[in-house]
Amino acid sequence: MAFWLDIAAFLIKALIIVGAIGGLAVLIARLARSGEARHKEIKVKSLNERYDDMRDAMDAALLDKKERKALARARKKEAKAEARARRSQEPGKRIYVLSFKDDIRASAVKRLGSEIDAVLIAARPQTDEAVIRIESPGGTVTGYGLAAAEILRLREHRIKVTASVDQVAASGGYMMACAADRIVAAPFAVVGSIGVVAPIPNLHRLLKKNEIDFEEITSGEFKRTVTVLGEITPEKREHFRGKLEDTHEAFKAHVTQCRPNVDMAKVGNGDHWLAREALGLGLVDELATGDELLFRARAGARLYEVSTEARKTLLQQVLSGLGVAAGRAVDGLAARLGAL
């Protein structure tokens, strides 16, 4: 009996230790992720080098030793010839590749603005280009309106912009995409949805049924029109609908300005389409995946992926290290318990 009691006591202690370490690890991880980093670092990666690495890996797997040596000599001669050519003329075209994958609040718009700043610092007007890979179903008018305005900055500085859509660029996402000079989309990507929606639940009748008063003191007839708790009168509803209509008209005007050949009477009704259908409506310019677009472009330009990365503060680095150490301790203890 004493033996089993010792085993039970050991297991209880082990569970307590595991729980405590696990809770500490979770707390440390949350603290490490919380808060904004003080600085954003711009990361630039050569996509041409990535393609070259893929090519070398395939050659190593498919060619024998003699073939690899002959190919290496030929490529070395080509590289020298290209180097001499580059020294004797202006550097070739560069294409800067940015990615925008976002939520309803357009949380990544600040990051996009920083990346566009970096591109504008380095890019040569009327020579270099930018490709922005967009994936978004849309969201807030202010957030995505700002994102579209950021893309227009590139065009204002005479940098040609291509929007690449692989899955979805609808509503606010399409507002961004049409700010580019052209839109290239995968055949089954979803685009369009040129419309405005404002779903707002209203609990006024529930409060009234339970005899709960809700008062909101305002100054100005339309300071508050449609709210969650207040009564929505016909006058307030109509005023709010008018605001939505104004926003919709501004959205349509933006698309018309960026893509004047689009028949807004056909596409400005809030509907969405697959890119293969949208091509005939003028909503996109070409059907191709983003990978195919860059794969083709690599032969005539140098491709650079531009991204921002949060630089961790010293505290965040220390907490991240402690979180990793705590996680390893939990894993080690679990392994020992498993061995028992």
# chains A, B, ... in the order shown; residues from 1 in each chain; ligands from 1

$ residues_around --residues "region 276-282 of chain A" --least-positions-apart "6" --cutoff "9 Å" --atoms "only C-alpha atoms" --output "ChimeraX atom specification"
/A:185-192,259,261-263,266-267

$ closest_atom_pairs --of "region 106-181 of chain A" --to "region 302-310 of chain A" --cutoff "12 Å" --atoms "only C-alpha atoms" --output "Markdown table"
| residue | atom | partner | partner_atom | distance |
| --- | --- | --- | --- | --- |
| A:Ala108 | CA | A:Thr308 | CA | 10.4 |
| A:Val109 | CA | A:Thr308 | CA | 11.7 |
| A:Lys110 | CA | A:Thr308 | CA | 10.2 |
| A:Arg111 | CA | A:Thr308 | CA | 6.6 |
| A:Leu112 | CA | A:Ser307 | CA | 8.4 |
| A:Gly113 | CA | A:Thr308 | CA | 10.1 |
| A:Ser114 | CA | A:Thr308 | CA | 7.5 |
| A:Glu115 | CA | A:Ser307 | CA | 6.2 |
| A:Ile116 | CA | A:Val306 | CA | 8.9 |
| A:Asp117 | CA | A:Val306 | CA | 10.7 |
| A:Ala118 | CA | A:Val306 | CA | 8.1 |
| A:Val119 | CA | A:Val306 | CA | 7.9 |
| A:Leu120 | CA | A:Val306 | CA | 11.7 |
| A:Ala122 | CA | A:Val306 | CA | 11.3 |
| A:Ala123 | CA | A:Tyr304 | CA | 11.2 |
| A:Thr127 | CA | A:Arg302 | CA | 11.9 |
| A:Asp128 | CA | A:Arg302 | CA | 9.6 |
| A:Glu129 | CA | A:Leu303 | CA | 9.6 |
| A:Ala130 | CA | A:Leu303 | CA | 9.4 |
| A:Val131 | CA | A:Glu305 | CA | 9.4 |
| A:Ile132 | CA | A:Glu305 | CA | 10.1 |
| A:Arg133 | CA | A:Glu305 | CA | 10.8 |

$ write_last_selection --atoms "all heavy atoms" --output "short mmCIF file (atom, residue, chain, number, x, y, z; two decimals), in the first residue's frame"
data_model
loop_
_atom_site.label_atom_id
_atom_site.label_comp_id
_atom_site.auth_asym_id
_atom_site.auth_seq_id
_atom_site.Cartn_x
_atom_site.Cartn_y
_atom_site.Cartn_z
N ALA A 108 -3.01 45.32 -41.54
CA ALA A 108 -1.68 45.33 -42.16
C ALA A 108 -1.41 46.58 -42.98
O ALA A 108 -0.37 46.66 -43.64
CB ALA A 108 -1.50 44.08 -43.04
N VAL A 109 -2.31 47.54 -42.97
CA VAL A 109 -2.13 48.71 -43.83
C VAL A 109 -0.91 49.53 -43.42
O VAL A 109 -0.21 50.09 -44.28
CB VAL A 109 -3.41 49.58 -43.86
CG1 VAL A 109 -3.66 50.23 -42.51
CG2 VAL A 109 -3.32 50.64 -44.94
N LYS A 110 -0.62 49.60 -42.15
CA LYS A 110 0.56 50.35 -41.70
C LYS A 110 1.84 49.66 -42.21
O LYS A 110 2.78 50.33 -42.65
CB LYS A 110 0.58 50.47 -40.18
CG LYS A 110 1.73 51.31 -39.64
CD LYS A 110 1.67 51.45 -38.13
CE LYS A 110 0.50 52.32 -37.70
NZ LYS A 110 0.54 52.60 -36.24
N ARG A 111 1.86 48.35 -42.13
CA ARG A 111 3.00 47.60 -42.65
C ARG A 111 3.15 47.82 -44.15
O ARG A 111 4.26 48.01 -44.65
CB ARG A 111 2.82 46.10 -42.34
CG ARG A 111 3.90 45.22 -42.95
CD ARG A 111 3.70 43.77 -42.56
NE ARG A 111 2.40 43.26 -42.96
CZ ARG A 111 2.09 42.89 -44.19
NH1 ARG A 111 2.99 42.99 -45.16
NH2 ARG A 111 0.89 42.42 -44.48
N LEU A 112 2.02 47.81 -44.87
CA LEU A 112 2.06 48.06 -46.31
C LEU A 112 2.65 49.43 -46.61
O LEU A 112 3.46 49.59 -47.53
CB LEU A 112 0.66 47.94 -46.91
CG LEU A 112 0.53 48.26 -48.40
CD1 LEU A 112 1.25 47.20 -49.23
CD2 LEU A 112 -0.95 48.34 -48.81
N GLY A 113 2.25 50.44 -45.85
CA GLY A 113 2.77 51.78 -46.05
C GLY A 113 4.28 51.85 -45.86
O GLY A 113 4.99 52.51 -46.63
N SER A 114 4.80 51.13 -44.85
CA SER A 114 6.25 51.11 -44.62
C SER A 114 6.97 50.43 -45.77
O SER A 114 8.04 50.89 -46.21
CB SER A 114 6.56 50.37 -43.30
OG SER A 114 5.99 51.05 -42.20
N GLU A 115 6.41 49.35 -46.28
CA GLU A 115 7.04 48.63 -47.39
C GLU A 115 7.04 49.49 -48.66
O GLU A 115 8.00 49.49 -49.43
CB GLU A 115 6.33 47.31 -47.61
CG GLU A 115 6.54 46.33 -46.47
CD GLU A 115 5.59 45.15 -46.48
OE1 GLU A 115 4.73 45.08 -47.39
OE2 GLU A 115 5.68 44.29 -45.58
N ILE A 116 5.95 50.22 -48.89
CA ILE A 116 5.89 51.10 -50.05
C ILE A 116 6.89 52.24 -49.90
O ILE A 116 7.54 52.66 -50.88
CB ILE A 116 4.45 51.62 -50.25
CG1 ILE A 116 3.56 50.48 -50.76
CG2 ILE A 116 4.42 52.80 -51.21
CD1 ILE A 116 2.11 50.83 -50.90
N ASP A 117 7.08 52.75 -48.68
CA ASP A 117 8.12 53.76 -48.45
C ASP A 117 9.49 53.21 -48.89
O ASP A 117 10.26 53.91 -49.56
CB ASP A 117 8.19 54.12 -46.97
CG ASP A 117 7.08 55.06 -46.54
OD1 ASP A 117 6.48 55.70 -47.42
OD2 ASP A 117 6.80 55.14 -45.33
N ALA A 118 9.77 51.97 -48.49
CA ALA A 118 11.06 51.36 -48.84
C ALA A 118 11.21 51.23 -50.35
O ALA A 118 12.29 51.51 -50.91
CB ALA A 118 11.19 50.00 -48.17
N VAL A 119 10.14 50.83 -51.02
CA VAL A 119 10.19 50.69 -52.48
C VAL A 119 10.43 52.05 -53.13
O VAL A 119 11.25 52.18 -54.06
CB VAL A 119 8.90 50.04 -53.01
CG1 VAL A 119 8.85 50.11 -54.53
CG2 VAL A 119 8.80 48.60 -52.55
N LEU A 120 9.74 53.07 -52.67
CA LEU A 120 9.88 54.40 -53.26
C LEU A 120 11.28 54.98 -53.06
O LEU A 120 11.76 55.75 -53.89
CB LEU A 120 8.84 55.35 -52.68
CG LEU A 120 7.38 55.08 -53.10
CD1 LEU A 120 6.44 56.02 -52.37
CD2 LEU A 120 7.22 55.22 -54.61
N ALA A 122 14.03 53.22 -53.17
CA ALA A 122 14.98 52.53 -54.05
C ALA A 122 14.57 52.48 -55.51
O ALA A 122 15.42 52.41 -56.40
CB ALA A 122 15.20 51.10 -53.54
N ALA A 123 13.27 52.51 -55.80
CA ALA A 123 12.79 52.26 -57.15
C ALA A 123 13.08 53.42 -58.09
O ALA A 123 13.07 54.59 -57.68
CB ALA A 123 11.29 51.97 -57.13
N THR A 127 11.04 52.73 -64.72
CA THR A 127 11.94 51.60 -65.00
C THR A 127 11.57 50.39 -64.17
O THR A 127 11.36 49.30 -64.70
CB THR A 127 13.41 51.98 -64.71
OG1 THR A 127 13.79 53.07 -65.55
CG2 THR A 127 14.34 50.80 -64.97
N ASP A 128 11.49 50.57 -62.88
CA ASP A 128 11.17 49.47 -61.98
C ASP A 128 9.65 49.32 -61.81
O ASP A 128 8.89 50.24 -62.14
CB ASP A 128 11.83 49.68 -60.61
CG ASP A 128 13.34 49.67 -60.71
OD1 ASP A 128 13.86 49.08 -61.68
OD2 ASP A 128 14.00 50.25 -59.83
N GLU A 129 9.27 48.17 -61.30
CA GLU A 129 7.85 47.88 -61.11
C GLU A 129 7.62 47.29 -59.72
O GLU A 129 8.56 46.91 -59.02
CB GLU A 129 7.35 46.91 -62.18
CG GLU A 129 7.46 47.42 -63.60
CD GLU A 129 6.93 46.45 -64.63
OE1 GLU A 129 6.30 45.44 -64.22
OE2 GLU A 129 7.13 46.67 -65.84
N ALA A 130 6.34 47.20 -59.35
CA ALA A 130 5.96 46.58 -58.09
C ALA A 130 4.83 45.59 -58.34
O ALA A 130 3.94 45.85 -59.17
CB ALA A 130 5.52 47.63 -57.07
N VAL A 131 4.88 44.47 -57.65
CA VAL A 131 3.80 43.49 -57.67
C VAL A 131 3.28 43.36 -56.24
O VAL A 131 4.07 43.10 -55.32
CB VAL A 131 4.27 42.12 -58.19
CG1 VAL A 131 3.18 41.07 -58.00
CG2 VAL A 131 4.66 42.21 -59.66
N ILE A 132 1.98 43.56 -56.06
CA ILE A 132 1.38 43.43 -54.73
C ILE A 132 0.43 42.24 -54.75
O ILE A 132 -0.56 42.23 -55.48
CB ILE A 132 0.63 44.72 -54.32
CG1 ILE A 132 1.59 45.91 -54.37
CG2 ILE A 132 0.03 44.56 -52.93
CD1 ILE A 132 0.96 47.23 -54.00
N ARG A 133 0.75 41.23 -53.97
CA ARG A 133 -0.06 40.02 -53.89
C ARG A 133 -1.12 40.23 -52.81
O ARG A 133 -0.80 40.34 -51.62
CB ARG A 133 0.81 38.79 -53.61
CG ARG A 133 1.96 38.65 -54.59
CD ARG A 133 2.72 37.36 -54.44
NE ARG A 133 1.92 36.22 -54.91
CZ ARG A 133 2.42 34.99 -55.08
NH1 ARG A 133 3.71 34.75 -54.82
NH2 ARG A 133 1.65 34.01 -55.50
#

$ select_by_dssp --residues "region 161-338 of chain A" --states "helix (DSSP H, G or I)" --output "VMD selection string"
chain A and resid 172 to 177 204 to 209 234 to 258 264 to 267 275 to 281 290 to 297 314 to 338

$ residues_around --residues "region 68-80 of chain A" --least-positions-apart "6" --cutoff "12 Å" --atoms "only C-alpha atoms" --output "MDAnalysis selection string"
chainID A and resid 52 55:62 86:87

$ atom_distance --atom1 "CA of Leu63 (chain A)" --atom2 "CA of Leu294 (chain A)"
26.1 Å

$ atom_distance --atom1 "CA of Leu152 (chain A)" --atom2 "CA of Gly242 (chain A)"
27.7 Å

$ residues_around --residues "Gly143 (chain A)" --least-positions-apart "5" --cutoff "9 Å" --atoms "only C-alpha atoms" --output "list in words"
Ile104, Arg105, Ala106, Ser107, Val109, Ala148 and Gly172 of chain A

$ closest_residue --among "A:His204, A:Glu216, A:Arg50, A:Ala180" --to "Leu283 (chain A)" --atoms "only C-alpha atoms"
A:Ala180

$ residues_around --residues "Arg237 (chain A)" --least-positions-apart "3" --cutoff "12 Å" --atoms "only C-alpha atoms" --output "list in words"
Ala198, Ile200, Phe222, Arg224, Thr225, Val226, Thr227, Gly230, Glu231, Ile232, Thr233, Pro234, Phe240, Arg241, Gly242, Lys243 and Leu244 of chain A

$ write_last_selection --atoms "N, CA and C atoms" --output "mmCIF file, in the first residue's frame"
data_model
loop_
_atom_site.group_PDB
_atom_site.id
_atom_site.type_symbol
_atom_site.label_atom_id
_atom_site.label_comp_id
_atom_site.auth_asym_id
_atom_site.auth_seq_id
_atom_site.Cartn_x
_atom_site.Cartn_y
_atom_site.Cartn_z
ATOM 1 N N ALA A 198 -23.454 47.245 -43.818
ATOM 2 C CA ALA A 198 -23.262 47.628 -42.413
ATOM 3 C C ALA A 198 -24.227 46.817 -41.547
ATOM 4 N N ILE A 200 -25.788 45.607 -38.317
ATOM 5 C CA ILE A 200 -25.804 46.118 -36.944
ATOM 6 C C ILE A 200 -26.960 45.458 -36.182
ATOM 7 N N PHE A 222 -28.270 64.071 -35.895
ATOM 8 C CA PHE A 222 -27.771 62.815 -36.461
ATOM 9 C C PHE A 222 -26.417 62.410 -35.884
ATOM 10 N N ARG A 224 -26.015 60.326 -33.458
ATOM 11 C CA ARG A 224 -26.171 58.874 -33.372
ATOM 12 C C ARG A 224 -27.458 58.515 -34.104
ATOM 13 N N THR A 225 -27.353 57.645 -35.092
ATOM 14 C CA THR A 225 -28.554 57.247 -35.841
ATOM 15 C C THR A 225 -28.879 55.783 -35.602
ATOM 16 N N VAL A 226 -28.011 54.881 -36.071
ATOM 17 C CA VAL A 226 -28.240 53.448 -35.902
ATOM 18 C C VAL A 226 -27.242 52.917 -34.883
ATOM 19 N N THR A 227 -27.739 52.445 -33.747
ATOM 20 C CA THR A 227 -26.888 51.909 -32.689
ATOM 21 C C THR A 227 -27.415 50.553 -32.244
ATOM 22 N N GLY A 230 -30.015 51.643 -28.955
ATOM 23 C CA GLY A 230 -31.028 52.682 -29.096
ATOM 24 C C GLY A 230 -32.117 52.316 -30.095
ATOM 25 N N GLU A 231 -33.218 53.032 -30.018
ATOM 26 C CA GLU A 231 -34.324 52.814 -30.959
ATOM 27 C C GLU A 231 -33.952 53.377 -32.333
ATOM 28 N N ILE A 232 -34.232 52.585 -33.369
ATOM 29 C CA ILE A 232 -33.944 53.018 -34.740
ATOM 30 C C ILE A 232 -35.243 53.497 -35.368
ATOM 31 N N THR A 233 -35.375 54.802 -35.491
ATOM 32 C CA THR A 233 -36.581 55.380 -36.088
ATOM 33 C C THR A 233 -36.449 55.354 -37.614
ATOM 34 N N PRO A 234 -37.563 55.462 -38.340
ATOM 35 C CA PRO A 234 -37.482 55.509 -39.806
ATOM 36 C C PRO A 234 -36.586 56.632 -40.305
ATOM 37 N N PHE A 240 -29.026 56.893 -42.208
ATOM 38 C CA PHE A 240 -27.900 55.955 -42.230
ATOM 39 C C PHE A 240 -27.770 55.305 -43.608
ATOM 40 N N ARG A 241 -28.901 54.938 -44.202
ATOM 41 C CA ARG A 241 -28.877 54.351 -45.543
ATOM 42 C C ARG A 241 -28.297 55.349 -46.553
ATOM 43 N N GLY A 242 -28.608 56.616 -46.373
ATOM 44 C CA GLY A 242 -28.051 57.638 -47.255
ATOM 45 C C GLY A 242 -26.532 57.708 -47.165
ATOM 46 N N LYS A 243 -26.004 57.550 -45.943
ATOM 47 C CA LYS A 243 -24.558 57.543 -45.766
ATOM 48 C C LYS A 243 -23.925 56.347 -46.478
ATOM 49 N N LEU A 244 -24.587 55.185 -46.390
ATOM 50 C CA LEU A 244 -24.083 54.009 -47.100
ATOM 51 C C LEU A 244 -24.092 54.241 -48.606
#

$ closest_residue --among "A:Ile183, A:Met175, A:Ala301, A:Ala265" --to "Glu286 (chain A)" --atoms "only C-alpha atoms"
A:Ile183
